[in-house]
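Trainee: Following this line is structure-v8.cif, made up of mmCIF, C-alpha atoms and all ligand atoms:
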data_query
loop_
_atom_site.label_atom_id
_atom_site.label_comp_id
_atom_site.auth_asym_id
_atom_site.auth_seq_id
_atom_site.Cartn_x
_atom_site.Cartn_y
_atom_site.Cartn_z
CA MET A 1 12.58 50.50 -30.52
CA SER A 2 11.48 47.20 -32.00
CA GLN A 3 12.54 44.02 -30.28
CA SER A 4 14.33 41.46 -32.37
CA ILE A 5 13.58 37.81 -31.72
CA SER A 6 16.36 35.35 -32.24
CA VAL A 7 15.57 31.79 -33.28
CA ASN A 8 17.50 30.52 -30.30
CA GLU A 9 15.15 32.04 -27.75
CA LEU A 10 12.67 29.97 -25.77
CA PRO A 11 9.47 28.96 -27.53
CA ALA A 12 6.71 31.38 -26.59
CA VAL A 13 4.27 28.56 -25.85
CA MET A 14 4.48 26.95 -22.41
CA ASN A 15 6.01 23.54 -22.38
CA VAL A 16 3.14 21.33 -21.16
CA TYR A 17 2.92 18.79 -23.98
CA ASN A 18 5.24 16.09 -25.28
CA ARG A 19 4.52 16.64 -28.94
CA PHE A 20 4.99 14.35 -31.92
CA PRO A 21 7.57 15.76 -34.35
CA ILE A 22 4.97 16.34 -37.07
CA GLU A 23 3.28 19.56 -38.11
CA LEU A 24 -0.16 18.86 -39.51
CA VAL A 25 -1.63 21.37 -41.91
CA LYS A 26 -4.66 19.62 -43.40
CA GLY A 27 -7.18 16.94 -42.54
CA LYS A 28 -9.88 15.18 -44.55
CA GLY A 29 -11.79 12.08 -43.46
CA SER A 30 -9.41 9.57 -41.86
CA TYR A 31 -6.29 11.31 -43.20
CA VAL A 32 -4.07 14.21 -42.17
CA TRP A 33 -1.19 15.81 -44.07
CA ASP A 34 1.97 17.37 -42.68
CA LYS A 35 3.61 20.49 -44.05
CA GLU A 36 5.95 18.43 -46.27
CA GLY A 37 2.88 16.88 -47.86
CA LYS A 38 3.28 13.48 -46.18
CA LYS A 39 -0.08 11.77 -45.65
CA TYR A 40 -0.96 9.88 -42.47
CA LEU A 41 -3.85 7.60 -41.58
CA ASP A 42 -5.14 9.17 -38.35
CA PHE A 43 -6.34 6.51 -35.91
CA THR A 44 -6.34 8.96 -32.99
CA SER A 45 -9.24 11.10 -34.25
CA GLY A 46 -7.68 14.03 -32.38
CA ILE A 47 -8.03 11.93 -29.18
CA ALA A 48 -11.60 10.77 -29.73
CA THR A 49 -12.70 14.19 -30.91
CA CYS A 50 -13.00 14.06 -34.71
CA ASN A 51 -15.36 11.08 -34.54
CA LEU A 52 -16.72 11.84 -38.02
CA GLY A 53 -13.19 12.20 -39.38
CA HIS A 54 -11.55 15.49 -40.26
CA VAL A 55 -13.65 18.33 -41.70
CA PRO A 56 -16.82 16.25 -42.20
CA GLU A 57 -18.86 17.79 -44.99
CA PRO A 58 -22.29 18.09 -43.23
CA VAL A 59 -20.73 19.82 -40.19
CA HIS A 60 -18.52 21.99 -42.39
CA LYS A 61 -21.58 23.16 -44.34
CA LYS A 62 -23.65 24.06 -41.26
CA LEU A 63 -20.71 25.74 -39.52
CA SER A 64 -19.93 27.83 -42.62
CA GLU A 65 -23.53 29.04 -42.74
CA GLN A 66 -23.47 29.91 -39.04
CA LEU A 67 -20.08 31.60 -39.43
CA ALA A 68 -21.66 34.03 -41.87
CA SER A 69 -24.54 35.00 -39.54
CA LEU A 70 -23.74 35.02 -35.79
CA TRP A 71 -20.66 33.78 -33.87
CA HIS A 72 -21.25 34.74 -30.32
CA CYS A 73 -24.27 35.74 -28.34
CA SER A 74 -24.21 36.13 -24.57
CA ASN A 75 -26.29 33.79 -22.46
CA LEU A 76 -28.34 36.83 -21.40
CA PHE A 77 -30.22 36.31 -24.66
CA ALA A 78 -32.29 33.43 -25.97
CA ILE A 79 -30.18 31.04 -28.05
CA PRO A 80 -32.57 28.73 -29.89
CA ALA A 81 -29.68 26.58 -31.17
CA GLN A 82 -29.04 25.54 -27.53
CA GLU A 83 -32.57 24.29 -27.16
CA GLU A 84 -32.28 22.45 -30.48
CA LEU A 85 -29.12 20.58 -29.48
CA ALA A 86 -30.41 19.97 -25.94
CA GLN A 87 -33.61 18.46 -27.40
CA LYS A 88 -31.56 16.10 -29.58
CA LEU A 89 -29.37 15.04 -26.65
CA THR A 90 -32.23 14.49 -24.21
CA TYR A 91 -34.49 12.78 -26.75
CA HIS A 92 -31.77 10.21 -27.43
CA SER A 93 -30.68 9.70 -23.80
CA CYS A 94 -32.19 9.10 -20.36
CA TYR A 95 -31.67 12.75 -19.34
CA ASN A 96 -34.05 15.71 -19.27
CA GLN A 97 -31.86 18.81 -19.24
CA VAL A 98 -28.47 19.99 -20.45
CA PHE A 99 -25.93 22.62 -19.38
CA PHE A 100 -23.51 23.69 -22.13
CA CYS A 101 -19.86 24.62 -21.64
CA ASN A 102 -16.65 24.44 -23.68
CA SER A 103 -14.57 21.49 -22.54
CA GLY A 104 -14.55 18.19 -20.70
CA ALA A 105 -13.07 19.57 -17.50
CA GLU A 106 -15.75 22.25 -17.45
CA ALA A 107 -18.48 19.66 -17.93
CA ASN A 108 -17.14 17.69 -14.96
CA GLU A 109 -16.83 20.89 -12.91
CA ALA A 110 -20.51 21.49 -13.58
CA ALA A 111 -21.40 17.92 -12.57
CA ILE A 112 -19.42 18.20 -9.34
CA LYS A 113 -21.07 21.52 -8.45
CA LEU A 114 -24.49 20.11 -9.26
CA ALA A 115 -23.93 17.05 -7.03
CA LYS A 116 -23.02 19.26 -4.08
CA LYS A 117 -25.97 21.59 -4.60
CA TYR A 118 -28.34 18.63 -5.02
CA ALA A 119 -27.34 17.23 -1.62
CA LYS A 120 -28.06 20.59 0.02
CA ASP A 121 -31.41 20.83 -1.73
CA GLN A 122 -32.27 17.30 -0.55
CA GLY A 123 -31.64 18.39 3.05
CA ASN A 124 -28.30 16.57 3.25
CA PRO A 125 -25.76 19.39 3.69
CA GLU A 126 -23.26 16.95 5.25
CA ARG A 127 -23.05 15.09 1.92
CA THR A 128 -20.24 16.92 0.13
CA GLU A 129 -17.88 14.15 -1.00
CA ILE A 130 -17.54 12.51 -4.40
CA VAL A 131 -16.08 9.06 -4.99
CA THR A 132 -13.89 8.48 -8.05
CA PHE A 133 -11.77 5.48 -9.13
CA HIS A 134 -8.10 4.58 -9.46
CA HIS A 135 -6.65 5.26 -12.96
CA SER A 136 -9.49 7.68 -13.74
CA PHE A 137 -9.08 10.88 -15.71
CA HIS A 138 -11.52 13.75 -15.27
CA GLY A 139 -9.59 16.85 -16.34
CA ARG A 140 -6.80 19.29 -15.50
CA THR A 141 -8.54 22.11 -13.65
CA GLY A 142 -7.99 22.40 -9.90
CA THR A 143 -11.13 20.46 -9.03
CA THR A 144 -11.18 17.93 -11.87
CA MET A 145 -7.50 17.19 -11.27
CA ALA A 146 -8.48 16.39 -7.68
CA ALA A 147 -11.26 14.14 -9.01
CA THR A 148 -8.64 12.33 -11.12
CA ALA A 149 -7.31 9.48 -8.99
CA GLN A 150 -3.74 9.45 -10.33
CA GLU A 151 -0.85 10.41 -8.09
CA LYS A 152 1.29 11.64 -11.01
CA ILE A 153 -1.33 14.21 -12.00
CA HIS A 154 -1.53 15.64 -8.45
CA GLN A 155 2.20 15.85 -7.96
CA GLY A 156 3.47 19.37 -7.31
CA PHE A 157 0.02 20.90 -7.04
CA GLU A 158 -0.62 20.31 -3.37
CA PRO A 159 -2.76 21.25 -1.55
CA ILE A 160 -5.16 19.25 -3.71
CA VAL A 161 -8.82 20.35 -3.62
CA SER A 162 -10.53 18.22 -0.96
CA GLY A 163 -13.82 16.38 -1.18
CA PHE A 164 -12.80 13.39 -3.30
CA ARG A 165 -12.30 9.79 -2.20
CA TYR A 166 -10.62 7.22 -4.45
CA LEU A 167 -11.57 3.54 -4.65
CA PRO A 168 -10.48 0.66 -6.90
CA LEU A 169 -12.52 0.09 -10.08
CA ASN A 170 -14.45 -3.15 -10.61
CA SER A 171 -14.09 -4.26 -6.99
CA LYS A 172 -17.25 -5.67 -5.43
CA ASP A 173 -15.73 -5.24 -1.96
CA VAL A 174 -15.61 -1.47 -2.22
CA LEU A 175 -19.33 -0.96 -2.75
CA SER A 176 -19.93 -0.91 1.00
CA GLN A 177 -17.26 1.80 1.35
CA ILE A 178 -18.97 4.20 -1.02
CA ASP A 179 -21.45 5.64 1.46
CA ASN A 180 -19.61 6.95 4.51
CA GLY A 181 -22.46 9.32 5.36
CA LYS A 182 -20.70 12.18 3.54
CA THR A 183 -20.97 10.97 -0.06
CA THR A 184 -23.19 12.81 -2.52
CA ALA A 185 -22.05 11.22 -5.80
CA VAL A 186 -19.88 8.72 -7.63
CA LEU A 187 -18.11 9.85 -10.81
CA VAL A 188 -16.94 7.07 -13.12
CA GLU A 189 -15.76 6.49 -16.71
CA LEU A 190 -17.43 3.43 -18.26
CA VAL A 191 -14.25 2.79 -20.20
CA GLN A 192 -11.32 4.61 -18.63
CA GLY A 193 -9.59 6.34 -21.55
CA GLU A 194 -6.36 8.06 -20.47
CA GLY A 195 -5.96 5.52 -17.67
CA GLY A 196 -5.31 2.65 -20.11
CA VAL A 197 -8.59 1.73 -21.87
CA ARG A 198 -10.05 -0.13 -18.89
CA PRO A 199 -13.77 -0.92 -19.16
CA VAL A 200 -15.97 -1.32 -16.09
CA GLU A 201 -17.42 -4.80 -15.67
CA GLN A 202 -21.11 -4.81 -16.47
CA GLU A 203 -22.06 -6.74 -13.32
CA TRP A 204 -20.09 -4.30 -11.18
CA ILE A 205 -21.54 -1.13 -12.69
CA ILE A 206 -25.07 -2.51 -12.30
CA ALA A 207 -24.34 -3.33 -8.66
CA LEU A 208 -22.89 0.15 -8.24
CA GLU A 209 -26.02 1.71 -9.73
CA ASP A 210 -28.26 -0.35 -7.39
CA TYR A 211 -26.13 0.67 -4.44
CA CYS A 212 -26.25 4.37 -5.37
CA ARG A 213 -30.06 4.26 -5.87
CA GLN A 214 -30.58 2.70 -2.45
CA SER A 215 -28.26 5.18 -0.72
CA ASP A 216 -29.59 8.27 -2.57
CA ILE A 217 -26.13 8.85 -4.02
CA LEU A 218 -25.90 10.19 -7.56
CA LEU A 219 -24.31 8.01 -10.24
CA MET A 220 -22.46 10.34 -12.61
CA VAL A 221 -20.75 9.00 -15.74
CA ASP A 222 -17.90 10.82 -17.42
CA GLU A 223 -18.61 10.05 -21.09
CA ILE A 224 -16.28 12.75 -22.36
CA GLN A 225 -14.25 10.12 -24.24
CA THR A 226 -16.79 7.26 -24.50
CA GLY A 227 -19.73 9.39 -25.63
CA ILE A 228 -20.82 10.56 -29.10
CA GLY A 229 -20.55 7.18 -30.73
CA ARG A 230 -17.04 6.25 -29.68
CA THR A 231 -18.02 2.88 -28.18
CA GLY A 232 -20.46 1.90 -30.95
CA THR A 233 -23.60 3.41 -29.44
CA LEU A 234 -24.36 7.12 -29.12
CA PHE A 235 -23.54 6.85 -25.38
CA ALA A 236 -21.62 4.02 -23.73
CA TYR A 237 -24.06 3.69 -20.80
CA GLU A 238 -26.65 2.23 -23.23
CA GLN A 239 -24.51 -0.92 -23.50
CA PHE A 240 -24.25 -1.47 -19.75
CA GLY A 241 -27.96 -1.56 -18.93
CA ILE A 242 -27.79 1.40 -16.55
CA LYS A 243 -29.39 4.83 -16.36
CA PRO A 244 -26.97 7.15 -14.58
CA ASP A 245 -28.28 10.38 -13.00
CA VAL A 246 -25.73 12.67 -14.62
CA MET A 247 -23.53 12.41 -17.73
CA THR A 248 -20.76 14.64 -19.04
CA LEU A 249 -19.78 15.02 -22.71
CA ALA A 250 -17.21 16.98 -24.68
CA LYS A 251 -14.57 15.55 -27.07
CA GLY A 252 -16.68 14.21 -29.97
CA LEU A 253 -19.69 16.46 -29.49
CA GLY A 254 -18.58 19.22 -31.87
CA SER A 255 -16.50 17.10 -34.30
CA GLY A 256 -13.46 19.11 -33.20
CA PHE A 257 -15.19 22.39 -32.44
CA PRO A 258 -14.99 22.91 -28.64
CA VAL A 259 -18.28 21.95 -26.96
CA GLY A 260 -18.91 20.51 -23.51
CA ALA A 261 -22.18 19.41 -21.97
CA MET A 262 -23.48 18.15 -18.64
CA LEU A 263 -26.78 16.30 -18.71
CA ALA A 264 -28.97 15.37 -15.77
CA ARG A 265 -32.38 13.98 -15.04
CA GLN A 266 -35.07 16.45 -14.05
CA GLU A 267 -34.97 16.25 -10.23
CA VAL A 268 -31.19 16.67 -10.19
CA ALA A 269 -31.02 19.37 -12.87
CA ALA A 270 -33.53 21.41 -10.83
CA SER A 271 -30.73 22.25 -8.38
CA PHE A 272 -29.22 24.60 -10.98
CA GLN A 273 -31.12 27.89 -10.99
CA PRO A 274 -30.20 31.38 -12.28
CA GLY A 275 -27.08 32.53 -10.49
CA THR A 276 -25.78 29.05 -9.59
CA HIS A 277 -23.68 28.35 -12.67
CA GLY A 278 -22.79 29.79 -16.05
CA SER A 279 -20.25 30.31 -18.81
CA THR A 280 -19.43 33.14 -21.21
CA PHE A 281 -18.75 30.98 -24.25
CA GLY A 282 -20.80 27.94 -23.25
CA GLY A 283 -23.56 27.17 -25.74
CA ASN A 284 -22.48 29.75 -28.33
CA PRO A 285 -24.17 29.51 -31.74
CA LEU A 286 -21.11 28.07 -33.52
CA ALA A 287 -20.63 25.33 -30.91
CA MET A 288 -24.33 24.44 -30.92
CA THR A 289 -24.34 24.24 -34.71
CA ALA A 290 -21.33 21.92 -34.69
CA GLY A 291 -23.01 19.71 -32.07
CA ALA A 292 -26.36 19.49 -33.84
CA ALA A 293 -24.76 18.76 -37.22
CA THR A 294 -22.58 16.04 -35.66
CA LEU A 295 -25.53 14.33 -33.99
CA ASP A 296 -27.60 14.51 -37.19
CA VAL A 297 -25.01 12.34 -38.95
CA MET A 298 -24.89 9.79 -36.13
CA LEU A 299 -28.65 9.56 -35.72
CA ASP A 300 -29.00 8.09 -39.19
CA LYS A 301 -30.27 4.51 -38.74
CA GLN A 302 -27.42 2.91 -40.70
CA PHE A 303 -24.63 4.78 -38.97
CA PHE A 304 -23.96 2.60 -35.96
CA GLN A 305 -24.62 -0.70 -37.71
CA GLU A 306 -21.53 -0.11 -39.85
CA VAL A 307 -19.46 1.02 -36.87
CA VAL A 308 -20.43 -2.12 -34.93
CA ASP A 309 -19.62 -4.43 -37.88
CA LYS A 310 -16.23 -2.81 -38.40
CA SER A 311 -15.46 -2.83 -34.69
CA ARG A 312 -16.24 -6.54 -34.46
CA TRP A 313 -13.93 -7.28 -37.39
CA LEU A 314 -11.18 -5.12 -35.87
CA PHE A 315 -11.44 -6.88 -32.48
CA GLU A 316 -11.34 -10.29 -34.17
CA ALA A 317 -8.25 -9.31 -36.14
CA LEU A 318 -6.55 -7.98 -32.99
CA HIS A 319 -7.38 -11.13 -31.02
CA GLU A 320 -5.91 -13.19 -33.83
CA LEU A 321 -2.70 -11.14 -33.66
CA LYS A 322 -2.67 -11.63 -29.89
CA ALA A 323 -2.84 -15.40 -30.42
CA ASN A 324 0.19 -15.25 -32.76
CA PHE A 325 2.38 -12.62 -31.10
CA PRO A 326 3.10 -13.07 -27.38
CA ILE A 327 4.18 -9.41 -27.17
CA ILE A 328 0.42 -8.61 -27.13
CA LYS A 329 -0.86 -9.20 -23.61
CA ASP A 330 -4.43 -7.98 -23.86
CA VAL A 331 -7.00 -6.55 -26.27
CA ARG A 332 -9.87 -4.62 -24.70
CA GLY A 333 -12.39 -1.85 -25.16
CA TYR A 334 -15.68 -1.14 -26.89
CA GLY A 335 -16.54 0.00 -30.39
CA PHE A 336 -13.75 2.23 -31.67
CA LEU A 337 -12.16 2.82 -28.27
CA ILE A 338 -9.63 0.02 -28.30
CA GLY A 339 -6.65 -0.73 -26.07
CA VAL A 340 -3.92 -3.20 -26.98
CA GLU A 341 -1.60 -3.94 -24.09
CA PHE A 342 1.98 -4.86 -24.96
CA SER A 343 4.73 -6.37 -22.85
CA GLU A 344 6.96 -3.68 -24.36
CA ASN A 345 6.86 0.10 -24.31
CA ALA A 346 3.86 1.37 -26.27
CA ALA A 347 5.78 4.52 -27.27
CA ASP A 348 8.07 2.41 -29.50
CA ILE A 349 5.06 0.89 -31.25
CA VAL A 350 3.54 4.36 -31.71
CA ALA A 351 6.82 5.54 -33.31
CA ALA A 352 6.95 2.48 -35.60
CA PHE A 353 3.41 3.24 -36.77
CA ARG A 354 4.33 6.85 -37.44
CA ASP A 355 7.26 5.80 -39.63
CA LYS A 356 4.75 3.80 -41.67
CA GLY A 357 2.34 6.70 -42.03
CA VAL A 358 -0.21 5.75 -39.35
CA ILE A 359 -0.88 7.85 -36.24
CA VAL A 360 -1.95 6.09 -33.04
CA LEU A 361 -1.67 6.94 -29.34
CA ALA A 362 -0.43 5.36 -26.17
CA ALA A 363 -2.47 5.28 -22.95
CA GLY A 364 -0.05 4.70 -20.14
CA GLU A 365 3.26 2.88 -20.57
CA HIS A 366 2.17 -0.36 -22.23
CA VAL A 367 -1.15 0.30 -23.89
CA LEU A 368 -1.67 1.28 -27.51
CA ARG A 369 -4.87 3.29 -27.82
CA ILE A 370 -6.63 2.94 -31.16
CA LEU A 371 -9.32 5.52 -31.91
CA PRO A 372 -10.31 5.30 -35.57
CA PRO A 373 -12.81 7.83 -36.87
CA LEU A 374 -16.25 6.20 -36.72
CA THR A 375 -16.36 6.84 -40.45
CA ALA A 376 -13.18 4.85 -41.20
CA THR A 377 -13.65 2.66 -44.27
CA TRP A 378 -13.06 -1.11 -44.40
CA GLU A 379 -9.98 -0.44 -46.47
CA GLU A 380 -8.52 1.96 -43.91
CA ILE A 381 -9.15 -0.50 -41.10
CA LYS A 382 -7.40 -3.23 -43.10
CA VAL A 383 -4.45 -0.90 -43.75
CA PHE A 384 -4.18 -0.41 -40.00
CA ILE A 385 -4.17 -4.16 -39.25
CA HIS A 386 -1.72 -4.77 -42.10
CA THR A 387 0.60 -2.09 -40.66
CA LEU A 388 0.39 -3.52 -37.15
CA THR A 389 1.11 -7.01 -38.48
CA GLY A 390 4.19 -5.66 -40.27
CA ILE A 391 5.46 -4.02 -37.08
CA LEU A 392 4.95 -7.23 -35.09
CA VAL A 393 6.74 -9.39 -37.69
CA GLU A 394 9.67 -6.95 -37.88
CA GLY A 395 9.84 -6.91 -34.09
CA GLU A 396 10.08 -10.70 -34.01
CA ASN A 397 12.73 -10.78 -36.73
CA ASN A 398 14.79 -8.21 -34.86
CA THR A 399 14.84 -10.28 -31.67
CA LYS A 400 15.80 -13.50 -33.50
C1 LIG A 501 -10.39 14.35 -22.22
C2 LIG A 501 -11.12 13.98 -20.99
C3 LIG A 501 -11.46 14.92 -20.01
C4 LIG A 501 -10.98 16.35 -20.06
O1 LIG A 501 -11.49 17.04 -21.16
P1 LIG A 501 -10.86 18.48 -21.56
O2 LIG A 501 -11.71 18.93 -22.70
O3 LIG A 501 -9.43 18.24 -21.94
O4 LIG A 501 -10.97 19.35 -20.38
C5 LIG A 501 -12.20 14.49 -18.93
N1 LIG A 501 -12.61 13.22 -18.81
C6 LIG A 501 -12.32 12.29 -19.74
C7 LIG A 501 -12.81 10.90 -19.57
C8 LIG A 501 -11.56 12.62 -20.85
O5 LIG A 501 -11.23 11.69 -21.75
#
Will you turn the file into structure tokens for me?
Ligand SMILES: *Cc1c(COP(=O)(O)O)cnc(C)c1O

Mentor:
Amino acid sequence: MSQSISVNELPAVMNVYNRFPIELVKGKGSYVWDKEGKKYLDFTSGIATCNLGHVPEPVHKKLSEQLASLWHCSNLFAIPAQEELAQKLTYHSCYNQVFFCNSGAEANEAAIKLAKKYAKDQGNPERTEIVTFHHSFHGRTGTTMAATAQEKIHQGFEPIVSGFRYLPLNSKDVLSQIDNGKTTAVLVELVQGEGGVRPVEQEWIIALEDYCRQSDILLMVDEIQTGIGRTGTLFAYEQFGIKPDVMTLAKGLGSGFPVGAMLARQEVAASFQPGTHGSTFGGNPLAMTAGAATLDVMLDKQFFQEVVDKSRWLFEALHELKANFPIIKDVRGYGFLIGVEFSENAADIVAAFRDKGVIVLAAGEHVLRILPPLTATWEEIKVFIHTLTGILVEGENNTK
């Protein structure tokens, strides 16, 4: 007997997301289209994922070729595409080796495991703890949720995985609290993304790096949102004058195709040996192809110069709006990872943008998170500022 499904029944997908009331069916460059054919300027880039815009031609071409030859190959076989992407990543960073996985949370899981194993291998088995920072976001798995220092994300999931200690970001006073004799690593976002676009202060992160070096504690940066060009350099750490021991990547790495990576310098990476870690899908040929094709676009000499010029213009325009509209409390961020803090609810601003055909995100209650594709044109950036100006003027008129 066949079962009939009535339209009034529960949706079959679990209810874990508050979704926008738009169904997108197509994307190209900085634009997406809904099923009614309405076009939107997408300044979310799929939450810092489609950094080259939607369906970028060079990645599309390479992925199509790979799609016709080999999709999956178990990690029991040699996968030359892994070595190719790993070479690109290590050549252009301060790391020597890469582990590939499929998501940000998985990359952080790998980093956390590596930090624990490293301490054992160094003859410090008592060092099992990892320090993370208030307002951080490191993922939704059992362990990465525990690494995330936000009460609201832990709620209901007690007992929370132990082994994490939370300290305030950018506080000089906390440096001395990092090593309690049990600490193996610090995990930090250089610009906290989900937590409200909060950058670390350069002086503080340099002091933190010095402190970690002296205490033989690993400095691990979560560049899952900041990496792959988002902040105007291939990796954000380049702008802070530091060389962390471990870095995690995901979001932008595959231009929307799921790829995660954990990078480490030689001595630390050596703690992973056959049997210590692995993944079925991690490093599959399609993912590696997407990653390599994405990096090839960004490694062009001109690429970041344009991003930096456009970012500077965008920040200047936003600061000018801040000077004219008291509803804007703060403008912060790096490159194309921009937070605008409002005295009002950011969700209302996001909705106003949507009505005008522009998609943006909130990060927390009061912060508008602006994540243009790195390939956004001058014209698109001006459309965005024009739209924001319109919303601010209307807001003022409404309160008069
Ligand atoms: C998105 C994000 C993660 C989690 O990545 P998933 O792919 O969703 O598991 C972790 N850390 C940071 C900083 C992120 O922005």

Trainee: What's around Lys62 (chain A) at 8 Å? Count only C-alpha atoms, leave out sequence neighbours fewer than 2 positions away in its own chain, and write the answer as number ranges by chain.

Mentor: A: 58-60, 64-66, 289-290, 293

Trainee: Given the choices A:Thr248, A:Thr387, A:Thr375, A:Gln82, which gets closest to ligand LIG 501 (chain A) if the distance is worked out from only C-alpha atoms and all ligand atoms?

Mentor: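 Closest to ligand LIG 501 (chain A) of all the choices is A:Thr248.
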
Trainee: Determine, counting only C-alpha atoms, which protein, DNA and RNA residues have an atom within 10 Å of an atom of region 149-158 of chain A; residues of the same chain fewer than 2 positions away are not included. Present the result as a list in words.

Mentor: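 Selected residues are Val131, Thr132, Phe133, His134, His135, Ser136, Phe137, His138, Gly139, Arg140, Gly142, Thr144, Met145, Ala146, Ala147, Ile160, Val161, Phe164, Arg165, Tyr166, Leu167, Pro168 and Gly195 of chain A.
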
Trainee: Between A:Ser311, A:Ser171, A:Thr90, A:Gln202, which one has atoms that come closest to Tyr334 (chain A), using only C-alpha atoms?

Mentor: A:Ser311

Trainee: Can I get the residues close to ligand LIG 501 (chain A) as a PDB file with C-alpha atoms, in the frame of the given file, where close means within 7 Å and we count only C-alpha atoms and all ligand atoms?

Mentor:
ATOM      1  CA  SER A 103     -14.570  21.490 -22.540  1.00  0.00           C
ATOM      2  CA  GLY A 104     -14.550  18.190 -20.700  1.00  0.00           C
ATOM      3  CA  ALA A 105     -13.070  19.570 -17.500  1.00  0.00           C
ATOM      4  CA  GLU A 106     -15.750  22.250 -17.450  1.00  0.00           C
ATOM      5  CA  PHE A 137      -9.080  10.880 -15.710  1.00  0.00           C
ATOM      6  CA  HIS A 138     -11.520  13.750 -15.270  1.00  0.00           C
ATOM      7  CA  GLY A 139      -9.590  16.850 -16.340  1.00  0.00           C
ATOM      8  CA  ARG A 140      -6.800  19.290 -15.500  1.00  0.00           C
ATOM      9  CA  GLU A 189     -15.760   6.490 -16.710  1.00  0.00           C
ATOM     10  CA  GLN A 192     -11.320   4.610 -18.630  1.00  0.00           C
ATOM     11  CA  GLY A 193      -9.590   6.340 -21.550  1.00  0.00           C
ATOM     12  CA  GLU A 194      -6.360   8.060 -20.470  1.00  0.00           C
ATOM     13  CA  ASP A 222     -17.900  10.820 -17.420  1.00  0.00           C
ATOM     14  CA  GLU A 223     -18.610  10.050 -21.090  1.00  0.00           C
ATOM     15  CA  ILE A 224     -16.280  12.750 -22.360  1.00  0.00           C
ATOM     16  CA  GLN A 225     -14.250  10.120 -24.240  1.00  0.00           C
ATOM     17  CA  ALA A 250     -17.210  16.980 -24.680  1.00  0.00           C
ATOM     18  CA  LYS A 251     -14.570  15.550 -27.070  1.00  0.00           C
TER      19      LYS A 251
END

Trainee: Hey, which of A:Ala270, A:Ile338, A:Ala317, A:Leu374 ends up closest to Gln305 (chain A)? Count all atoms listed in the file.

Mentor: A:Leu374

Trainee: Using all atoms listed in the file, find all polymer residues with an atom at most 8 Å away from the point (-19.3, 14.6, -37.7); report them as a count of residues only.

Mentor: 16

Trainee: Determine, counting only C-alpha atoms, which protein, DNA and RNA residues have an atom within 8 Å of an atom of Gly227 (chain A); residues of the same chain fewer than 4 positions away are not included. Present the result as a list in words.

Mentor: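 The residues that qualify are Glu223, Thr231, Leu234, Phe235, Ala236, Leu249 and Gly252 of chain A.
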
Trainee: Keeping only C-alpha atoms, take the residues you just selected and write them out as a PDB file, keeping the file's coordinate frame.

Mentor:
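The resulting file, result_25.pdb, is shown below:
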ATOM      1  CA  GLU A 223     -18.610  10.050 -21.090  1.00  0.00           C
ATOM      2  CA  THR A 231     -18.020   2.880 -28.180  1.00  0.00           C
ATOM      3  CA  LEU A 234     -24.360   7.120 -29.120  1.00  0.00           C
ATOM      4  CA  PHE A 235     -23.540   6.850 -25.380  1.00  0.00           C
ATOM      5  CA  ALA A 236     -21.620   4.020 -23.730  1.00  0.00           C
ATOM      6  CA  LEU A 249     -19.780  15.020 -22.710  1.00  0.00           C
ATOM      7  CA  GLY A 252     -16.680  14.210 -29.970  1.00  0.00           C
TER       8      GLY A 252
END

Trainee: Could you check which of A:Val186, A:Leu337, A:Ala269, A:Ile391 is closest to Ser215 (chain A), using all atoms listed in the file?

Mentor: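 Of the candidates, the smallest distance to Ser215 (chain A) is held by A:Val186.
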
Trainee: Need the shell around Glu129 (chain A): protein/DNA/RNA residues with any atom at most 6 Å away, counting all atoms listed in the file. Skip same-chain ones fewer than 6 positions apart. Format as a list in words?

Mentor: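 With the cut-off at 6 Å, the set is Gly163, Phe164, Lys182, Thr183 and Thr184 of chain A.
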
Trainee: Is it possible to get the axis-aligned box enclosing region 396-400 of chain A (all listed atoms, 3 Å extra per side) as JSON, with centre and edge lengths in Å rounded to one decimal?

Mentor:
{"center_x": 12.9, "center_y": -10.9, "center_z": -34.2, "size_x": 11.7, "size_y": 11.3, "size_z": 11.1}

Trainee: Quick check, in Å to one decimal: how far apart do CA of Gly196 (chain A) and CA of Ser343 (chain A) lie?

Mentor: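 For CA of Gly196 (chain A) relative to CA of Ser343 (chain A), the distance reads 13.8 Å.
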
Trainee: Rank nothing, just name the residue among A:Asp121, A:Asp179, A:Glu365, A:Glu316 nearest to Leu208 (chain A), using only C-alpha atoms.

Mentor: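 Among the listed residues, A:Asp179 lies closest to Leu208 (chain A).
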